[in-house]
>>> print(open('upload.cif').read())   # mmCIF, C-alpha atoms
data_query
loop_
_atom_site.label_atom_id
_atom_site.label_comp_id
_atom_site.auth_asym_id
_atom_site.auth_seq_id
_atom_site.Cartn_x
_atom_site.Cartn_y
_atom_site.Cartn_z
CA MET A 1 -118.08 -15.10 31.01
CA ASP A 2 -117.91 -17.51 33.90
CA ARG A 3 -119.49 -16.14 37.08
CA SER A 4 -119.46 -18.13 40.31
CA ALA A 5 -120.89 -15.64 42.79
CA PRO A 6 -123.76 -13.17 42.91
CA GLY A 7 -123.01 -9.62 41.86
CA GLY A 8 -121.07 -10.69 38.77
CA GLN A 9 -117.73 -11.41 40.51
CA LEU A 10 -115.17 -13.30 38.47
CA SER A 11 -114.14 -16.74 39.71
CA VAL A 12 -110.73 -17.23 41.27
CA ALA A 13 -109.51 -19.22 38.25
CA THR A 14 -110.60 -16.53 35.84
CA ALA A 15 -108.92 -13.83 37.98
CA GLN A 16 -105.65 -15.77 37.98
CA GLU A 17 -105.81 -16.14 34.20
CA ALA A 18 -106.40 -12.44 33.86
CA ALA A 19 -103.43 -11.52 36.13
CA PRO A 20 -100.28 -10.51 34.18
CA ARG A 21 -97.47 -13.05 34.14
CA LEU A 22 -93.80 -12.15 34.75
CA THR A 23 -91.66 -12.44 31.68
CA ARG A 24 -88.43 -14.43 31.77
CA ARG A 25 -86.41 -11.24 31.58
CA ARG A 26 -88.34 -9.72 34.49
CA ARG A 27 -87.85 -12.85 36.63
CA ARG A 28 -84.13 -12.77 35.87
CA GLN A 29 -83.96 -9.11 36.92
CA LEU A 30 -85.73 -9.89 40.20
CA VAL A 31 -83.41 -12.80 40.96
CA LEU A 32 -80.35 -10.70 40.15
CA GLY A 33 -81.66 -7.89 42.34
CA GLY A 34 -82.12 -10.36 45.19
CA GLU A 35 -78.55 -11.60 44.83
CA TYR A 36 -77.21 -8.05 44.95
CA ALA A 37 -79.34 -7.31 48.01
CA ILE A 38 -78.00 -10.40 49.83
CA PHE A 39 -74.42 -9.40 48.96
CA VAL A 40 -74.94 -5.85 50.25
CA VAL A 41 -76.54 -7.11 53.48
CA VAL A 42 -73.62 -9.50 54.14
CA VAL A 43 -70.99 -6.82 53.44
CA VAL A 44 -72.76 -4.24 55.59
CA GLY A 45 -73.10 -6.79 58.39
CA LEU A 46 -69.41 -7.64 58.32
CA VAL A 47 -68.40 -3.98 58.22
CA ALA A 48 -70.73 -3.11 61.08
CA SER A 49 -69.66 -6.03 63.29
CA ALA A 50 -65.87 -5.61 62.80
CA ASP A 51 -63.77 -3.89 65.45
CA TRP A 52 -61.94 -1.41 63.22
CA GLY A 53 -59.83 -0.12 66.06
CA GLN A 54 -58.37 -3.58 66.69
CA ILE A 55 -57.96 -4.18 62.96
CA HIS A 56 -56.01 -0.95 62.58
CA THR A 57 -53.84 -1.71 65.61
CA ASN A 58 -53.08 -5.36 64.83
CA PHE A 59 -53.11 -5.48 61.03
CA ALA A 60 -52.40 -1.95 59.77
CA ASN A 61 -49.95 -0.49 62.27
CA TRP A 62 -48.00 2.04 60.23
CA SER A 63 -45.22 2.44 62.79
CA ILE A 64 -44.45 -1.29 62.63
CA ALA A 65 -44.86 -1.39 58.84
CA LYS A 66 -42.18 1.31 58.43
CA GLN A 67 -39.70 -0.82 60.40
CA LEU A 68 -39.97 -3.61 57.83
CA PHE A 69 -38.42 -1.58 55.04
CA PRO A 70 -36.13 -2.05 53.26
CA ASP A 71 -35.43 -5.56 54.65
CA VAL A 72 -38.79 -6.96 53.54
CA ILE A 73 -37.70 -6.13 49.96
CA THR A 74 -33.93 -6.66 50.09
CA VAL A 75 -34.15 -9.90 52.11
CA GLY A 76 -37.65 -11.42 51.99
CA LEU A 77 -38.78 -10.56 48.47
CA ARG A 78 -35.30 -10.92 46.97
CA ASN A 79 -34.84 -14.44 48.34
CA THR A 80 -38.38 -15.42 47.31
CA LEU A 81 -37.63 -14.35 43.74
CA ILE A 82 -34.30 -16.21 43.75
CA TYR A 83 -35.91 -19.43 45.00
CA THR A 84 -38.72 -19.10 42.47
CA ILE A 85 -36.63 -18.31 39.40
CA THR A 86 -33.98 -20.98 40.03
CA GLY A 87 -36.67 -23.57 40.78
CA PHE A 88 -38.58 -22.62 37.64
CA VAL A 89 -35.49 -22.89 35.41
CA LEU A 90 -34.58 -26.28 36.89
CA GLY A 91 -38.17 -27.50 36.64
CA LEU A 92 -38.49 -26.34 33.04
CA ALA A 93 -35.31 -28.13 31.98
CA ALA A 94 -36.28 -31.33 33.81
CA GLY A 95 -39.87 -31.08 32.56
CA LEU A 96 -38.72 -30.84 28.95
CA VAL A 97 -36.56 -33.94 29.36
CA LEU A 98 -39.40 -35.85 31.03
CA ALA A 99 -41.84 -34.80 28.30
CA LEU A 100 -39.50 -36.14 25.60
CA MET A 101 -39.06 -39.34 27.60
CA ARG A 102 -42.85 -39.73 27.81
CA LEU A 103 -43.00 -39.56 24.02
CA SER A 104 -39.96 -41.79 23.48
CA SER A 105 -40.25 -45.07 21.62
CA ALA A 106 -38.05 -46.69 24.30
CA ALA A 107 -40.31 -48.27 26.90
CA PRO A 108 -37.94 -47.82 29.92
CA TYR A 109 -37.82 -44.06 29.31
CA ARG A 110 -41.62 -43.86 29.09
CA TRP A 111 -42.05 -45.90 32.27
CA PHE A 112 -39.53 -43.84 34.21
CA ALA A 113 -41.13 -40.56 33.14
CA LEU A 114 -44.62 -41.85 33.91
CA VAL A 115 -43.65 -43.06 37.39
CA TYR A 116 -41.84 -39.80 38.16
CA ILE A 117 -44.77 -37.65 37.04
CA GLU A 118 -47.37 -39.66 38.94
CA VAL A 119 -45.29 -39.82 42.14
CA PHE A 120 -44.29 -36.16 42.31
CA ARG A 121 -47.73 -34.91 41.31
CA GLY A 122 -49.26 -37.07 44.02
CA LEU A 123 -46.96 -35.98 46.87
CA PRO A 124 -47.44 -32.75 48.86
CA ALA A 125 -44.76 -30.17 48.11
CA LEU A 126 -43.99 -29.97 51.83
CA LEU A 127 -42.76 -33.58 51.85
CA ILE A 128 -40.46 -32.84 48.92
CA PHE A 129 -38.87 -29.95 50.83
CA VAL A 130 -38.43 -32.11 53.93
CA PHE A 131 -36.90 -34.89 51.85
CA VAL A 132 -34.46 -32.52 50.14
CA GLY A 133 -33.49 -30.90 53.44
CA THR A 134 -33.02 -34.10 55.46
CA GLY A 135 -33.21 -37.10 53.15
CA VAL A 136 -30.67 -36.13 50.51
CA PRO A 137 -27.81 -35.52 53.01
CA LEU A 138 -28.55 -38.90 54.62
CA ALA A 139 -28.85 -40.77 51.33
CA PHE A 140 -25.75 -39.18 49.82
CA PRO A 141 -23.30 -38.44 52.67
CA GLY A 142 -20.81 -35.70 51.99
CA THR A 143 -22.84 -34.33 49.09
CA ASN A 144 -23.25 -30.56 49.19
CA LEU A 145 -25.61 -28.90 46.75
CA PRO A 146 -24.23 -25.75 45.10
CA GLY A 147 -25.53 -22.64 46.78
CA GLY A 148 -26.40 -24.29 50.08
CA VAL A 149 -29.99 -23.52 51.05
CA TYR A 150 -30.54 -21.72 47.73
CA GLY A 151 -29.58 -24.91 45.91
CA GLN A 152 -31.81 -27.02 48.14
CA ALA A 153 -34.78 -24.74 47.55
CA ALA A 154 -34.19 -24.73 43.80
CA LEU A 155 -33.96 -28.53 43.77
CA ALA A 156 -37.15 -28.97 45.80
CA LEU A 157 -39.13 -26.53 43.67
CA GLY A 158 -37.66 -28.01 40.51
CA LEU A 159 -38.64 -31.55 41.51
CA VAL A 160 -42.20 -30.46 42.21
CA SER A 161 -42.68 -28.29 39.13
CA ALA A 162 -40.96 -30.67 36.70
CA ALA A 163 -43.79 -33.20 37.01
CA TYR A 164 -46.44 -30.62 36.12
CA MET A 165 -44.37 -28.93 33.42
CA ALA A 166 -43.63 -32.28 31.80
CA GLU A 167 -47.31 -32.95 31.17
CA THR A 168 -47.85 -29.39 29.98
CA ILE A 169 -44.94 -29.56 27.52
CA ARG A 170 -45.99 -33.02 26.34
CA ALA A 171 -49.45 -31.66 25.54
CA GLY A 172 -47.83 -28.77 23.69
CA ILE A 173 -45.66 -31.12 21.61
CA GLU A 174 -48.68 -33.23 20.71
CA ALA A 175 -50.56 -30.05 19.74
CA VAL A 176 -48.00 -29.26 17.02
CA PRO A 177 -49.38 -30.52 13.70
CA ARG A 178 -47.83 -33.79 12.55
CA GLY A 179 -47.19 -32.23 9.19
CA GLN A 180 -44.40 -30.15 10.72
CA MET A 181 -42.40 -33.26 11.57
CA GLU A 182 -43.20 -34.92 8.26
CA ALA A 183 -42.08 -31.86 6.32
CA ALA A 184 -38.82 -31.68 8.30
CA ARG A 185 -38.09 -35.36 7.68
CA THR A 186 -38.84 -34.88 3.99
CA LEU A 187 -36.18 -32.16 3.89
CA GLY A 188 -33.66 -34.67 5.24
CA MET A 189 -33.64 -33.70 8.92
CA SER A 190 -33.15 -36.38 11.52
CA HIS A 191 -35.88 -36.94 14.08
CA GLY A 192 -33.82 -35.42 16.87
CA ARG A 193 -32.92 -32.31 14.87
CA ALA A 194 -36.52 -31.84 13.77
CA MET A 195 -37.66 -32.03 17.40
CA ARG A 196 -35.03 -29.51 18.54
CA THR A 197 -35.45 -26.97 15.76
CA ILE A 198 -39.07 -27.37 14.61
CA VAL A 199 -41.39 -29.10 17.09
CA VAL A 200 -40.11 -28.11 20.54
CA PRO A 201 -39.87 -24.35 19.81
CA GLN A 202 -43.46 -24.35 18.56
CA ALA A 203 -44.60 -26.41 21.55
CA LEU A 204 -42.98 -24.01 24.01
CA ARG A 205 -44.79 -21.07 22.40
CA ILE A 206 -48.07 -22.95 22.77
CA VAL A 207 -47.54 -23.69 26.47
CA ILE A 208 -46.30 -20.24 27.54
CA PRO A 209 -49.64 -19.34 29.24
CA PRO A 210 -49.82 -22.48 31.44
CA LEU A 211 -46.11 -22.18 32.22
CA THR A 212 -46.77 -18.62 33.42
CA ASN A 213 -49.44 -19.99 35.75
CA GLU A 214 -46.91 -22.54 37.00
CA LEU A 215 -44.52 -19.69 37.76
CA VAL A 216 -47.21 -18.07 39.92
CA LEU A 217 -47.71 -21.33 41.83
CA LEU A 218 -43.97 -21.71 42.34
CA PHE A 219 -43.74 -18.16 43.67
CA LYS A 220 -46.24 -19.10 46.38
CA ASP A 221 -44.74 -22.54 47.02
CA SER A 222 -41.37 -20.91 47.70
CA SER A 223 -42.71 -20.18 51.21
CA LEU A 224 -42.06 -23.85 52.01
CA ALA A 225 -38.33 -23.10 51.97
CA LEU A 226 -38.67 -22.26 55.67
CA PHE A 227 -38.51 -26.01 56.37
CA LEU A 228 -34.92 -26.05 55.10
CA GLY A 229 -33.67 -24.17 58.15
CA LEU A 230 -33.06 -20.67 56.84
CA THR A 231 -30.64 -18.20 58.34
CA LEU A 232 -31.54 -14.52 58.81
CA THR A 233 -30.16 -13.60 55.39
CA GLU A 234 -31.82 -16.58 53.64
CA ARG A 235 -35.38 -15.96 54.83
CA GLU A 236 -38.09 -15.66 52.20
CA LEU A 237 -41.18 -13.46 52.56
CA SER A 238 -43.31 -15.76 54.71
CA LYS A 239 -40.50 -16.68 57.09
CA TYR A 240 -39.36 -13.07 57.39
CA ALA A 241 -42.89 -11.79 58.08
CA ASN A 242 -43.64 -14.55 60.59
CA ASP A 243 -40.41 -13.88 62.53
CA VAL A 244 -41.04 -10.14 62.74
CA ALA A 245 -44.71 -10.67 63.64
CA SER A 246 -43.67 -12.96 66.50
CA GLN A 247 -41.13 -10.43 67.75
CA GLN A 248 -43.56 -7.51 67.59
CA GLY A 249 -46.66 -9.40 68.72
CA ASN A 250 -48.47 -7.85 65.77
CA SER A 251 -49.82 -9.18 62.46
CA THR A 252 -48.95 -6.12 60.36
CA PRO A 253 -45.82 -7.83 58.91
CA ILE A 254 -48.07 -10.64 57.61
CA ILE A 255 -50.21 -8.12 55.74
CA ILE A 256 -47.14 -6.42 54.26
CA ALA A 257 -45.80 -9.79 53.08
CA ALA A 258 -49.19 -10.60 51.57
CA LEU A 259 -49.11 -7.33 49.63
CA CYS A 260 -45.61 -8.18 48.34
CA TYR A 261 -46.92 -11.52 47.08
CA LEU A 262 -49.85 -9.82 45.35
CA ILE A 263 -47.60 -7.22 43.72
CA VAL A 264 -45.90 -10.08 41.87
CA THR A 265 -48.69 -12.65 41.40
CA ILE A 266 -51.44 -10.32 40.13
CA PRO A 267 -49.40 -8.97 37.16
CA LEU A 268 -48.23 -12.51 36.34
CA SER A 269 -51.81 -13.83 36.42
CA TYR A 270 -52.94 -10.94 34.21
CA LEU A 271 -50.08 -11.69 31.80
CA ALA A 272 -51.12 -15.35 31.64
CA ARG A 273 -54.72 -14.39 30.81
CA ARG A 274 -53.57 -11.99 28.10
CA LEU A 275 -51.32 -14.64 26.58
CA GLU A 276 -54.17 -17.18 26.60
CA ALA A 277 -56.51 -14.69 24.94
CA ARG A 278 -53.90 -13.82 22.33
CA GLN A 279 -53.28 -17.49 21.63
CA LYS A 280 -57.01 -18.13 21.15
CA ARG A 281 -57.29 -15.22 18.72
CA GLY A 282 -54.35 -16.61 16.75
CA GLN A 283 -56.05 -20.00 16.42
CA ARG A 284 -59.18 -18.52 14.81
#
>>> encode(input="upload.cif", output="structure tokens")
Amino acid sequence: MDRSAPGGQLSVATAQEAAPRLTRRRRRQLVLGGEYAIFVVVVVGLVASADWGQIHTNFANWSIAKQLFPDVITVGLRNTLIYTITGFVLGLAAGLVLALMRLSSAAPYRWFALVYIEVFRGLPALLIFVFVGTGVPLAFPGTNLPGGVYGQAALALGLVSAAYMAETIRAGIEAVPRGQMEAARTLGMSHGRAMRTIVVPQALRIVIPPLTNELVLLFKDSSLALFLGLTLTERELSKYANDVASQQGNSTPIIIAALCYLIVTIPLSYLARRLEARQKRGQR
């Protein structure tokens, strides 16, 4: 045994070798415990430093919240759902056409679809709403979209979502095995009929999860309809909550509107995850 000092004391090197080493599992437990401790300290600090009286008065005022009902549902949420659903339907139809054009053998169709997709995916949605609200009436004088503001909102949301849906649907069409088309052509089907009855239905089933996510994004983007100049009966959730908050000098309407958004978006997001998981299980 190596001894470096009188009295038989072990050397420092020998003592370090004799000391027990932490296992990888133990180190991981210590790191995880430290992360939890940091999280608890931050949460406790925020809770302790917040002025709960002001938070209750300005963000959770029940007397003001009661005044919002039922208009926040019958006006704000109803219009938000109308804008979202009509925009989604228009975007889905346009996206399917653009996806087929991207896969067309005719070069002009492919170029048009490519330019459209790149332009509208690269522009902020706000600019699209401003263009629809001010640019379309100037470019096409005397043209009135059906539904007024509802039609303008549907067109703006449809233009934005069509670019994203087109790429999603195109990927779904390309994910359908080529043998499906070959078998249909062998049975005497034309290319167009095979696409309509065999390929496209399968592609749409494949892309249901990402299309559900797109619906969630559209539901939130519908708040941009306020730039179209909404009347009192045409206001969506964000516009309605902002107007009432300005009148009351209180932010409680904003919180109520946020809860209305979450009531719709959280179930839709959960549905999208379930559909994705189900699709993965089906592919195994």
>>> atom_distance(input="upload.cif", atom1="atom CA of A:Leu215", atom2="atom CA of A:Ile255")
22.1 Å
>>> closest_residue(input="upload.cif", among="A:Ala225, A:Ala184, A:Leu123, A:Val42", to="A:Ala154", atoms="all atoms listed in the file")
A:Ala225
>>> residues_around(input="upload.cif", residues="stretch 169-174 of chain A", least_positions_apart="5", cutoff="8 Å", atoms="all atoms listed in the file", output="ChimeraX atom specification")
/A:95-96,99-100,102-103,199-200,202-204,206-207
>>> atom_distance(input="upload.cif", atom1="atom CA of A:Leu155", atom2="atom CA of A:Val75")
20.4 Å
>>> atom_distance(input="upload.cif", atom1="atom CA of A:Leu228", atom2="atom CA of A:Asn213")
24.9 Å
>>> resolve_selection(input="upload.cif", expression="the PyMOL selection byres ((chain A and resi 94) around 12)", output="ChimeraX atom specification")
/A:87-93,95-101,113,116-117,155,157-167,169
>>> closest_residue(input="upload.cif", among="A:Glu276, A:Glu182, A:Asp243, A:Asp221", to="A:Leu81", atoms="all atoms listed in the file")
A:Asp221
>>> resolve_selection(input="upload.cif", expression="the PyMOL selection byres ((chain A and resi 180) around 10)", output="VMD selection string")
chain A and resid 176 to 179 181 to 186 194 to 195 198 to 199 202
>>> residues_around(input="upload.cif", residues="A:Ile254", least_positions_apart="6", cutoff="10 Å", atoms="all atoms listed in the file", output="PyMOL selection string")
chain A and resi 59-60+65+237-245+260
